[in-house]
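Novice: Got work.pdb for you, PDB, C-alpha atoms and all ligand atoms:
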ATOM      1  CA  MET D   1       0.000   0.000   0.000  1.00  0.00           C
ATOM      2  CA  SER D   2       1.453   3.391  -0.962  1.00  0.00           C
ATOM      3  CA  PHE D   3       1.278   6.246   1.515  1.00  0.00           C
ATOM      4  CA  LEU D   4      -1.496   7.931  -0.455  1.00  0.00           C
ATOM      5  CA  GLU D   5      -3.467   4.685  -0.553  1.00  0.00           C
ATOM      6  CA  LEU D   6      -3.175   4.497   3.236  1.00  0.00           C
ATOM      7  CA  VAL D   7      -4.283   8.119   3.604  1.00  0.00           C
ATOM      8  CA  ARG D   8      -7.295   7.318   1.413  1.00  0.00           C
ATOM      9  CA  LYS D   9      -8.043   4.179   3.420  1.00  0.00           C
ATOM     10  CA  ARG D  10      -8.083   5.882   6.834  1.00  0.00           C
ATOM     11  CA  CYS D  11     -11.526   7.176   7.605  1.00  0.00           C
ATOM     12  CA  SER D  12     -13.659   7.674  10.676  1.00  0.00           C
ATOM     13  CA  ILE D  13     -14.975   4.252  11.678  1.00  0.00           C
ATOM     14  CA  ARG D  14     -18.019   4.339  13.951  1.00  0.00           C
ATOM     15  CA  LYS D  15     -18.977   0.651  13.831  1.00  0.00           C
ATOM     16  CA  TYR D  16     -16.812  -1.948  15.537  1.00  0.00           C
ATOM     17  CA  THR D  17     -16.738  -5.644  16.341  1.00  0.00           C
ATOM     18  CA  GLN D  18     -15.704  -6.905  19.778  1.00  0.00           C
ATOM     19  CA  THR D  19     -12.962  -9.050  18.206  1.00  0.00           C
ATOM     20  CA  PRO D  20      -9.827  -8.706  20.347  1.00  0.00           C
ATOM     21  CA  VAL D  21      -6.971  -6.813  18.729  1.00  0.00           C
ATOM     22  CA  GLU D  22      -3.644  -8.647  18.737  1.00  0.00           C
ATOM     23  CA  GLN D  23      -1.080  -7.207  21.191  1.00  0.00           C
ATOM     24  CA  GLU D  24       1.427  -6.838  18.308  1.00  0.00           C
ATOM     25  CA  LYS D  25      -0.986  -4.527  16.508  1.00  0.00           C
ATOM     26  CA  ILE D  26      -1.529  -2.451  19.643  1.00  0.00           C
ATOM     27  CA  ASP D  27       2.250  -2.228  20.096  1.00  0.00           C
ATOM     28  CA  TYR D  28       2.586  -1.247  16.433  1.00  0.00           C
ATOM     29  CA  ILE D  29       0.235   1.728  16.662  1.00  0.00           C
ATOM     30  CA  LEU D  30       1.781   2.854  19.964  1.00  0.00           C
ATOM     31  CA  GLU D  31       5.218   2.750  18.342  1.00  0.00           C
ATOM     32  CA  ALA D  32       3.884   4.899  15.489  1.00  0.00           C
ATOM     33  CA  ALA D  33       2.786   7.437  18.130  1.00  0.00           C
ATOM     34  CA  ARG D  34       6.133   7.292  19.937  1.00  0.00           C
ATOM     35  CA  LEU D  35       8.060   8.021  16.723  1.00  0.00           C
ATOM     36  CA  SER D  36       6.040  11.158  15.891  1.00  0.00           C
ATOM     37  CA  PRO D  37       7.874  14.429  15.402  1.00  0.00           C
ATOM     38  CA  SER D  38       7.287  17.273  17.856  1.00  0.00           C
ATOM     39  CA  ALA D  39       8.410  20.861  18.271  1.00  0.00           C
ATOM     40  CA  VAL D  40      12.025  20.901  19.579  1.00  0.00           C
ATOM     41  CA  ASN D  41      11.531  17.132  19.961  1.00  0.00           C
ATOM     42  CA  TYR D  42       9.986  17.757  23.396  1.00  0.00           C
ATOM     43  CA  GLN D  43       7.484  14.873  22.950  1.00  0.00           C
ATOM     44  CA  PRO D  44       4.928  16.435  25.333  1.00  0.00           C
ATOM     45  CA  TRP D  45       2.487  13.547  25.280  1.00  0.00           C
ATOM     46  CA  TYR D  46       1.061  10.571  27.109  1.00  0.00           C
ATOM     47  CA  PHE D  47      -1.228   7.879  25.734  1.00  0.00           C
ATOM     48  CA  VAL D  48      -3.663   6.160  28.081  1.00  0.00           C
ATOM     49  CA  LEU D  49      -4.832   2.787  26.789  1.00  0.00           C
ATOM     50  CA  VAL D  50      -8.284   1.920  28.129  1.00  0.00           C
ATOM     51  CA  GLN D  51      -9.399  -1.663  27.688  1.00  0.00           C
ATOM     52  CA  ASP D  52     -10.878  -2.883  30.966  1.00  0.00           C
ATOM     53  CA  LEU D  53     -14.629  -2.724  31.471  1.00  0.00           C
ATOM     54  CA  GLU D  54     -14.530  -0.235  34.330  1.00  0.00           C
ATOM     55  CA  GLY D  55     -12.304   2.201  32.449  1.00  0.00           C
ATOM     56  CA  LYS D  56     -14.349   1.876  29.274  1.00  0.00           C
ATOM     57  CA  ALA D  57     -17.587   2.629  31.150  1.00  0.00           C
ATOM     58  CA  LYS D  58     -15.990   5.754  32.620  1.00  0.00           C
ATOM     59  CA  LEU D  59     -14.741   6.918  29.248  1.00  0.00           C
ATOM     60  CA  GLN D  60     -18.134   6.328  27.649  1.00  0.00           C
ATOM     61  CA  GLU D  61     -19.591   8.790  30.184  1.00  0.00           C
ATOM     62  CA  CYS D  62     -17.225  11.418  28.779  1.00  0.00           C
ATOM     63  CA  TYR D  63     -18.656  10.986  25.278  1.00  0.00           C
ATOM     64  CA  PRO D  64     -22.100   9.418  25.637  1.00  0.00           C
ATOM     65  CA  ARG D  65     -22.831   8.315  22.063  1.00  0.00           C
ATOM     66  CA  GLU D  66     -24.211   4.892  21.149  1.00  0.00           C
ATOM     67  CA  TRP D  67     -21.632   4.220  18.462  1.00  0.00           C
ATOM     68  CA  PHE D  68     -18.760   5.151  20.810  1.00  0.00           C
ATOM     69  CA  LYS D  69     -19.884   2.521  23.343  1.00  0.00           C
ATOM     70  CA  GLN D  70     -19.331  -0.227  20.761  1.00  0.00           C
ATOM     71  CA  ALA D  71     -15.569   0.335  20.533  1.00  0.00           C
ATOM     72  CA  PRO D  72     -13.531  -2.456  22.147  1.00  0.00           C
ATOM     73  CA  TYR D  73     -10.496  -0.246  22.953  1.00  0.00           C
ATOM     74  CA  TYR D  74      -9.728   3.424  23.463  1.00  0.00           C
ATOM     75  CA  LEU D  75      -6.720   5.697  23.661  1.00  0.00           C
ATOM     76  CA  ILE D  76      -6.819   8.966  25.548  1.00  0.00           C
ATOM     77  CA  ILE D  77      -4.313  11.279  23.896  1.00  0.00           C
ATOM     78  CA  CYS D  78      -2.888  13.631  26.509  1.00  0.00           C
ATOM     79  CA  GLY D  79      -0.678  16.678  25.999  1.00  0.00           C
ATOM     80  CA  ASP D  80       1.521  18.151  28.700  1.00  0.00           C
ATOM     81  CA  HIS D  81       1.520  21.955  28.759  1.00  0.00           C
ATOM     82  CA  GLU D  82       4.598  21.908  30.982  1.00  0.00           C
ATOM     83  CA  GLN D  83       6.677  19.922  28.488  1.00  0.00           C
ATOM     84  CA  SER D  84       5.542  21.566  25.245  1.00  0.00           C
ATOM     85  CA  TRP D  85       7.438  24.177  23.258  1.00  0.00           C
ATOM     86  CA  LYS D  86       6.201  27.803  23.464  1.00  0.00           C
ATOM     87  CA  ARG D  87       7.168  30.067  20.573  1.00  0.00           C
ATOM     88  CA  GLY D  88       8.315  33.686  21.093  1.00  0.00           C
ATOM     89  CA  ASP D  89       4.713  34.864  20.739  1.00  0.00           C
ATOM     90  CA  HIS D  90       3.780  32.353  23.510  1.00  0.00           C
ATOM     91  CA  LYS D  91       1.937  30.008  21.155  1.00  0.00           C
ATOM     92  CA  ASP D  92       1.837  26.627  22.882  1.00  0.00           C
ATOM     93  CA  HIS D  93       2.608  23.855  20.386  1.00  0.00           C
ATOM     94  CA  MET D  94       1.198  21.030  22.531  1.00  0.00           C
ATOM     95  CA  ASP D  95      -1.946  20.661  20.412  1.00  0.00           C
ATOM     96  CA  ILE D  96       0.052  20.435  17.185  1.00  0.00           C
ATOM     97  CA  ASP D  97       2.360  17.775  18.620  1.00  0.00           C
ATOM     98  CA  ALA D  98      -0.518  15.764  20.061  1.00  0.00           C
ATOM     99  CA  ALA D  99      -2.395  15.974  16.770  1.00  0.00           C
ATOM    100  CA  ILE D 100       0.543  14.626  14.786  1.00  0.00           C
ATOM    101  CA  ALA D 101       0.893  11.671  17.164  1.00  0.00           C
ATOM    102  CA  THR D 102      -2.844  11.070  17.016  1.00  0.00           C
ATOM    103  CA  GLU D 103      -2.880  10.922  13.248  1.00  0.00           C
ATOM    104  CA  HIS D 104       0.142   8.607  13.262  1.00  0.00           C
ATOM    105  CA  ILE D 105      -1.973   6.293  15.427  1.00  0.00           C
ATOM    106  CA  CYS D 106      -4.948   6.495  13.087  1.00  0.00           C
ATOM    107  CA  LEU D 107      -2.862   5.844   9.977  1.00  0.00           C
ATOM    108  CA  ALA D 108      -0.924   2.971  11.560  1.00  0.00           C
ATOM    109  CA  ALA D 109      -4.199   1.456  12.741  1.00  0.00           C
ATOM    110  CA  ALA D 110      -5.748   1.689   9.265  1.00  0.00           C
ATOM    111  CA  GLU D 111      -2.697  -0.011   7.805  1.00  0.00           C
ATOM    112  CA  GLN D 112      -3.278  -2.869  10.269  1.00  0.00           C
ATOM    113  CA  GLY D 113      -6.950  -3.130   9.283  1.00  0.00           C
ATOM    114  CA  LEU D 114      -8.140  -1.365  12.441  1.00  0.00           C
ATOM    115  CA  GLY D 115     -10.740   1.365  12.549  1.00  0.00           C
ATOM    116  CA  THR D 116     -10.345   4.572  14.538  1.00  0.00           C
ATOM    117  CA  CYS D 117     -12.201   7.837  14.931  1.00  0.00           C
ATOM    118  CA  TRP D 118     -10.920  11.115  16.279  1.00  0.00           C
ATOM    119  CA  VAL D 119     -13.142  12.387  19.111  1.00  0.00           C
ATOM    120  CA  CYS D 120     -12.576  15.853  20.557  1.00  0.00           C
ATOM    121  CA  ASN D 121     -16.151  16.770  21.481  1.00  0.00           C
ATOM    122  CA  PHE D 122     -15.945  15.081  24.892  1.00  0.00           C
ATOM    123  CA  ASP D 123     -16.183  16.199  28.515  1.00  0.00           C
ATOM    124  CA  THR D 124     -12.534  16.910  29.251  1.00  0.00           C
ATOM    125  CA  GLU D 125     -13.068  17.713  32.932  1.00  0.00           C
ATOM    126  CA  LEU D 126     -14.896  14.441  33.570  1.00  0.00           C
ATOM    127  CA  CYS D 127     -12.154  12.609  31.684  1.00  0.00           C
ATOM    128  CA  ARG D 128      -9.504  14.312  33.798  1.00  0.00           C
ATOM    129  CA  LYS D 129     -11.338  13.276  36.966  1.00  0.00           C
ATOM    130  CA  HIS D 130     -12.035   9.677  35.955  1.00  0.00           C
ATOM    131  CA  PHE D 131      -8.468   8.994  34.840  1.00  0.00           C
ATOM    132  CA  ASN D 132      -6.518  11.044  37.404  1.00  0.00           C
ATOM    133  CA  ILE D 133      -5.033  13.344  34.767  1.00  0.00           C
ATOM    134  CA  PRO D 134      -2.950  16.086  36.439  1.00  0.00           C
ATOM    135  CA  GLU D 135      -3.781  19.803  36.053  1.00  0.00           C
ATOM    136  CA  THR D 136      -0.974  20.626  33.603  1.00  0.00           C
ATOM    137  CA  ILE D 137      -1.877  17.732  31.322  1.00  0.00           C
ATOM    138  CA  GLU D 138      -4.781  18.077  28.921  1.00  0.00           C
ATOM    139  CA  PRO D 139      -6.795  15.229  27.439  1.00  0.00           C
ATOM    140  CA  VAL D 140      -6.735  16.326  23.791  1.00  0.00           C
ATOM    141  CA  ALA D 141      -8.544  13.561  21.939  1.00  0.00           C
ATOM    142  CA  LEU D 142     -10.130  10.171  22.418  1.00  0.00           C
ATOM    143  CA  ILE D 143      -9.404   7.477  19.852  1.00  0.00           C
ATOM    144  CA  PRO D 144     -11.744   4.487  19.918  1.00  0.00           C
ATOM    145  CA  PHE D 145     -10.242   1.624  17.952  1.00  0.00           C
ATOM    146  CA  GLY D 146     -10.880  -1.955  16.925  1.00  0.00           C
ATOM    147  CA  TYR D 147     -11.807  -4.050  13.940  1.00  0.00           C
ATOM    148  CA  PRO D 148     -14.558  -2.386  11.903  1.00  0.00           C
ATOM    149  CA  SER D 149     -17.891  -4.221  11.766  1.00  0.00           C
ATOM    150  CA  ASP D 150     -17.258  -4.591   8.034  1.00  0.00           C
ATOM    151  CA  PRO D 151     -13.851  -4.137   6.372  1.00  0.00           C
ATOM    152  CA  MET D 152     -15.695  -2.636   3.383  1.00  0.00           C
ATOM    153  CA  LEU D 153     -16.259   0.459   5.558  1.00  0.00           C
ATOM    154  CA  PHE D 154     -12.695   1.470   4.656  1.00  0.00           C
ATOM    155  CA  ASP D 155     -13.663   1.549   0.975  1.00  0.00           C
ATOM    156  CA  GLU D 156     -17.208   2.786   1.284  1.00  0.00           C
ATOM    157  CA  THR D 157     -16.820   5.791   3.603  1.00  0.00           C
ATOM    158  CA  PRO D 158     -16.880   8.814   1.306  1.00  0.00           C
ATOM    159  CA  LYS D 159     -13.957  11.233   1.352  1.00  0.00           C
ATOM    160  CA  LYS D 160     -15.649  14.617   1.317  1.00  0.00           C
ATOM    161  CA  ARG D 161     -12.889  17.112   0.748  1.00  0.00           C
ATOM    162  CA  LYS D 162     -12.410  20.535  -0.835  1.00  0.00           C
ATOM    163  CA  SER D 163     -10.740  20.494  -4.227  1.00  0.00           C
ATOM    164  CA  ILE D 164      -7.066  21.316  -4.716  1.00  0.00           C
ATOM    165  CA  GLU D 165      -8.133  24.538  -6.487  1.00  0.00           C
ATOM    166  CA  GLU D 166      -9.989  25.696  -3.384  1.00  0.00           C
ATOM    167  CA  ILE D 167      -7.155  25.199  -0.930  1.00  0.00           C
ATOM    168  CA  ILE D 168      -3.832  25.684  -2.692  1.00  0.00           C
ATOM    169  CA  LYS D 169      -2.434  29.182  -3.193  1.00  0.00           C
ATOM    170  CA  TRP D 170       0.544  29.324  -5.484  1.00  0.00           C
ATOM    171  CA  GLU D 171       3.492  31.396  -4.249  1.00  0.00           C
ATOM    172  CA  SER D 172       1.448  33.807  -2.104  1.00  0.00           C
ATOM    173  CA  PHE D 173      -1.951  34.009  -0.459  1.00  0.00           C
TER     174      PHE D 173
HETATM  175  C1  LIG R   1      -9.658  17.282  15.543  1.00  0.00           C
HETATM  176  C2  LIG R   1     -10.829  16.388  15.190  1.00  0.00           C
HETATM  177  C3  LIG R   1     -11.886  16.263  16.062  1.00  0.00           C
HETATM  178  C4  LIG R   1     -12.947  15.399  15.775  1.00  0.00           C
HETATM  179  N1  LIG R   1     -13.936  15.194  16.712  1.00  0.00           N
HETATM  180  C5  LIG R   1     -14.923  14.310  16.441  1.00  0.00           C
HETATM  181  C6  LIG R   1     -15.926  14.042  17.426  1.00  0.00           C
HETATM  182  O1  LIG R   1     -15.915  14.578  18.532  1.00  0.00           O
HETATM  183  N2  LIG R   1     -16.903  13.143  17.104  1.00  0.00           N
HETATM  184  C7  LIG R   1     -16.927  12.483  15.896  1.00  0.00           C
HETATM  185  O2  LIG R   1     -17.827  11.662  15.679  1.00  0.00           O
HETATM  186  N3  LIG R   1     -15.993  12.728  14.940  1.00  0.00           N
HETATM  187  C8  LIG R   1     -14.997  13.629  15.187  1.00  0.00           C
HETATM  188  N4  LIG R   1     -14.018  13.846  14.244  1.00  0.00           N
HETATM  189  C9  LIG R   1     -14.055  13.117  12.960  1.00  0.00           C
HETATM  190  C10 LIG R   1     -14.365  14.041  11.772  1.00  0.00           C
HETATM  191  O3  LIG R   1     -15.738  14.304  11.731  1.00  0.00           O
HETATM  192  C11 LIG R   1     -13.880  13.358  10.488  1.00  0.00           C
HETATM  193  O4  LIG R   1     -12.503  13.145  10.564  1.00  0.00           O
HETATM  194  C12 LIG R   1     -14.184  14.189   9.237  1.00  0.00           C
HETATM  195  O5  LIG R   1     -15.575  14.287   9.038  1.00  0.00           O
HETATM  196  C13 LIG R   1     -13.560  13.576   7.982  1.00  0.00           C
HETATM  197  O6  LIG R   1     -14.021  12.261   7.787  1.00  0.00           O
HETATM  198  P1  LIG R   1     -13.022  11.007   7.720  1.00  0.00           P
HETATM  199  O7  LIG R   1     -12.294  10.941   9.059  1.00  0.00           O
HETATM  200  O8  LIG R   1     -13.900   9.816   7.513  1.00  0.00           O
HETATM  201  O9  LIG R   1     -12.047  11.214   6.614  1.00  0.00           O
HETATM  202  C14 LIG R   1     -12.960  14.698  14.538  1.00  0.00           C
HETATM  203  C15 LIG R   1     -11.884  14.847  13.655  1.00  0.00           C
HETATM  204  C16 LIG R   1     -10.816  15.651  13.980  1.00  0.00           C
HETATM  205  C17 LIG R   1      -9.644  15.719  13.044  1.00  0.00           C
END
How would this structure read if it were set down as structure tokens?
Specialist:
Amino acid sequence: MSFLELVRKRCSIRKYTQTPVEQEKIDYILEAARLSPSAVNYQPWYFVLVQDLEGKAKLQECYPREWFKQAPYYLIICGDHEQSWKRGDHKDHMDIDAAIATEHICLAAAEQGLGTCWVCNFDTELCRKHFNIPETIEPVALIPFGYPSDPMLFDETPKKRKSIEEIIKWESF
């Protein structure tokens, strides 16, 4: 699979089976996160793997959607404001770093035949409380993952995107 084929394959999967995911595949996607680039290479991130029933029930309270409850595994992507690079204008790059690592996870998962979906519209305070996340660390995204209910979902989910003409400016804005 070429890189562009993988990028086309990755899509938001919101239907999962309960089939266990092999530990090697979990290790593979975590390694893809670990190898992500970050500003000044500060690597201001933590990844909380949630797979036991109690943890999953708590996480489902943070994003109470029916489809989300079906996911067999979750990752909580956390960014550490104390470890992230701040530019001269004080812009905190934690979100950018966490987002790169998150997308590495999603792409690596798709390559392994696993579905994922970015979730940011969750109750961050409840998540912080349930999972003992310290004040300076922010839960940035939740990534449910597992085998999709139908592998054809990878092919059938439409890619709705703006055209190249709409988004590319040549030489100057
Ligand atoms: C930063 C970010 C936050 C998102 N938050 C949510 C979310 O809270 N709930 C959800 O169902 N999808 C969420 N999504 C998924 C997007 O809706 C989805 O990526 C987009 O529609 C493109 O579709 P695709 O992922 O299938 O290519 C999020 C995606 C990104 C990148």
Novice: Taking the file as shown, find all residues satisfying the PyMOL selection byres (((chain D and resi 75) around 9) and not hetatm) and write them as an MDAnalysis selection string.
Specialist: chainID D and resid 47:51 73:74 76:77 141:145
Novice: Within 10 Å of ligand LIG 1 (chain R), counting only C-alpha atoms and all ligand atoms, which protein or nucleic acid residues do you find, written as an mmCIF file with C-alpha atoms, keeping the file's coordinate frame?
Specialist:
data_model
loop_
_atom_site.group_PDB
_atom_site.id
_atom_site.type_symbol
_atom_site.label_atom_id
_atom_site.label_comp_id
_atom_site.auth_asym_id
_atom_site.auth_seq_id
_atom_site.Cartn_x
_atom_site.Cartn_y
_atom_site.Cartn_z
ATOM 1 C CA VAL D 7 -4.283 8.119 3.604
ATOM 2 C CA ARG D 8 -7.295 7.318 1.413
ATOM 3 C CA LYS D 9 -8.043 4.179 3.420
ATOM 4 C CA ARG D 10 -8.083 5.882 6.834
ATOM 5 C CA CYS D 11 -11.526 7.176 7.605
ATOM 6 C CA SER D 12 -13.659 7.674 10.676
ATOM 7 C CA ILE D 13 -14.975 4.252 11.678
ATOM 8 C CA ARG D 14 -18.019 4.339 13.951
ATOM 9 C CA TYR D 63 -18.656 10.986 25.278
ATOM 10 C CA ARG D 65 -22.831 8.315 22.063
ATOM 11 C CA TRP D 67 -21.632 4.220 18.462
ATOM 12 C CA PHE D 68 -18.760 5.151 20.810
ATOM 13 C CA ASP D 95 -1.946 20.661 20.412
ATOM 14 C CA ALA D 99 -2.395 15.974 16.770
ATOM 15 C CA THR D 102 -2.844 11.070 17.016
ATOM 16 C CA GLU D 103 -2.880 10.922 13.248
ATOM 17 C CA CYS D 106 -4.948 6.495 13.087
ATOM 18 C CA THR D 116 -10.345 4.572 14.538
ATOM 19 C CA CYS D 117 -12.201 7.837 14.931
ATOM 20 C CA TRP D 118 -10.920 11.115 16.279
ATOM 21 C CA VAL D 119 -13.142 12.387 19.111
ATOM 22 C CA CYS D 120 -12.576 15.853 20.557
ATOM 23 C CA ASN D 121 -16.151 16.770 21.481
ATOM 24 C CA PHE D 122 -15.945 15.081 24.892
ATOM 25 C CA VAL D 140 -6.735 16.326 23.791
ATOM 26 C CA ALA D 141 -8.544 13.561 21.939
ATOM 27 C CA LEU D 142 -10.130 10.171 22.418
ATOM 28 C CA ILE D 143 -9.404 7.477 19.852
ATOM 29 C CA LEU D 153 -16.259 0.459 5.558
ATOM 30 C CA PHE D 154 -12.695 1.470 4.656
ATOM 31 C CA GLU D 156 -17.208 2.786 1.284
ATOM 32 C CA THR D 157 -16.820 5.791 3.603
ATOM 33 C CA PRO D 158 -16.880 8.814 1.306
ATOM 34 C CA LYS D 159 -13.957 11.233 1.352
ATOM 35 C CA LYS D 160 -15.649 14.617 1.317
ATOM 36 C CA ARG D 161 -12.889 17.112 0.748
#
Novice: On this structure, which residues satisfy the PyMOL selection byres (((chain D and resi 84) around 6) and not hetatm), written as a VMD selection string?
Specialist: chain D and resid 44 81 to 83 85 94
Novice: Could you write those residues out with C-alpha atoms, as an mmCIF file, in the coordinates of the input?
Specialist:
data_model
loop_
_atom_site.group_PDB
_atom_site.id
_atom_site.type_symbol
_atom_site.label_atom_id
_atom_site.label_comp_id
_atom_site.auth_asym_id
_atom_site.auth_seq_id
_atom_site.Cartn_x
_atom_site.Cartn_y
_atom_site.Cartn_z
ATOM 1 C CA PRO D 44 4.928 16.435 25.333
ATOM 2 C CA HIS D 81 1.520 21.955 28.759
ATOM 3 C CA GLU D 82 4.598 21.908 30.982
ATOM 4 C CA GLN D 83 6.677 19.922 28.488
ATOM 5 C CA TRP D 85 7.438 24.177 23.258
ATOM 6 C CA MET D 94 1.198 21.030 22.531
#
Novice: Quote the spacing between atom CA of Asp123 of chain D and atom CA of Ala57 of chain D in Å to one decimal place.
Specialist: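 One can read the atom CA of Asp123 of chain D to atom CA of Ala57 of chain D distance as 13.9 Å.
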Novice: Taking a cut-off of 6 Å and counting only C-alpha atoms, can you build a table that, for each residue of segment 58-136 of chain D near segment 19-43 of chain D, reports the nearest atom pair and how far apart they are in Å (one decimal), sorted by chain then residue number, as a Markdown table?
Specialist:
| residue | atom | partner | partner_atom | distance |
| --- | --- | --- | --- | --- |
| D:Asp97 | CA | D:Ser38 | CA | 5.0 |
| D:Ala101 | CA | D:Ala33 | CA | 4.7 |
| D:His104 | CA | D:Ala33 | CA | 5.7 |
| D:Ile105 | CA | D:Ile29 | CA | 5.2 |
| D:Ala108 | CA | D:Ile29 | CA | 5.4 |
| D:Ala109 | CA | D:Ile29 | CA | 5.9 |
Novice: Measuring atom to atom with only C-alpha atoms, identify which of D:Leu107, D:Gly115, D:Pro148, D:Ser172 is nearest to Glu5 of chain D.
Specialist: D:Leu107
Novice: Measuring atom to atom with all atoms listed in the file, identify which of D:Ser149, D:Asn132, D:Ser2, D:Gln112 is nearest to Gln70 of chain D.
Specialist: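 Under the stated criterion, the closest residue is D:Ser149.
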Novice: In Å, with one decimal, what is the gap from atom CA of Leu59 of chain D to atom CA of Asp150 of chain D?
Specialist: 24.3 Å
Novice: As lines of an AutoDock Vina configuration file, please report the centre and edge lengths, rounded to one decimal in Å, of the axis-aligned box that holds all listed atoms of segment 58-66 of chain D with 8 Å of padding on each of the six sides.
Specialist:
center_x = -19.5
center_y = 8.2
center_z = 26.9
size_x = 25.5
size_y = 22.5
size_z = 27.5
Novice: Name the closest residue to Cys127 of chain D among the candidates D:Pro139, D:Ile167, D:Gly55, D:His90; distances are taken between atoms, counting all atoms listed in the file.
Specialist: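 Going through D:Pro139, D:Ile167, D:Gly55, D:His90 one by one, the smallest distance to Cys127 of chain D is for D:Pro139.
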Novice: I'd like the interatomic distance between atom CA of Leu114 of chain D and atom CA of Pro64 of chain D, to a tenth of an Å.
Specialist: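 That distance, rounded to one decimal, is 22.0 Å.
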Novice: Counting all atoms listed in the file, which residue out of D:Glu66, D:Glu166, D:Asp92, D:Glu54 sits closest to Tyr16 of chain D?
Specialist: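 Closest candidate: D:Glu66.
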Novice: Nearest residue to Gly79 of chain D out of D:Lys129, D:Phe3, D:Glu138, D:Glu111, using only C-alpha atoms?
Specialist: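 Checking each of D:Lys129, D:Phe3, D:Glu138, D:Glu111 against Gly79 of chain D, counting only C-alpha atoms, the winner is D:Glu138.
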Novice: Applied to this file, what does the PyMOL selection byres (((chain D and resi 72) around 6) and not hetatm) return in terms of residues, put as a list of chain:residue names?
Specialist: D:Gln18, D:Ala71, D:Tyr73, D:Gly146
Novice: Given the choices D:Lys58, D:His93, D:Lys69, D:His130, which gets closest to Thr17 of chain D if the distance is worked out from only C-alpha atoms?
Specialist: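 Of D:Lys58, D:His93, D:Lys69, D:His130, the one nearest Thr17 of chain D, counting only C-alpha atoms, is D:Lys69.
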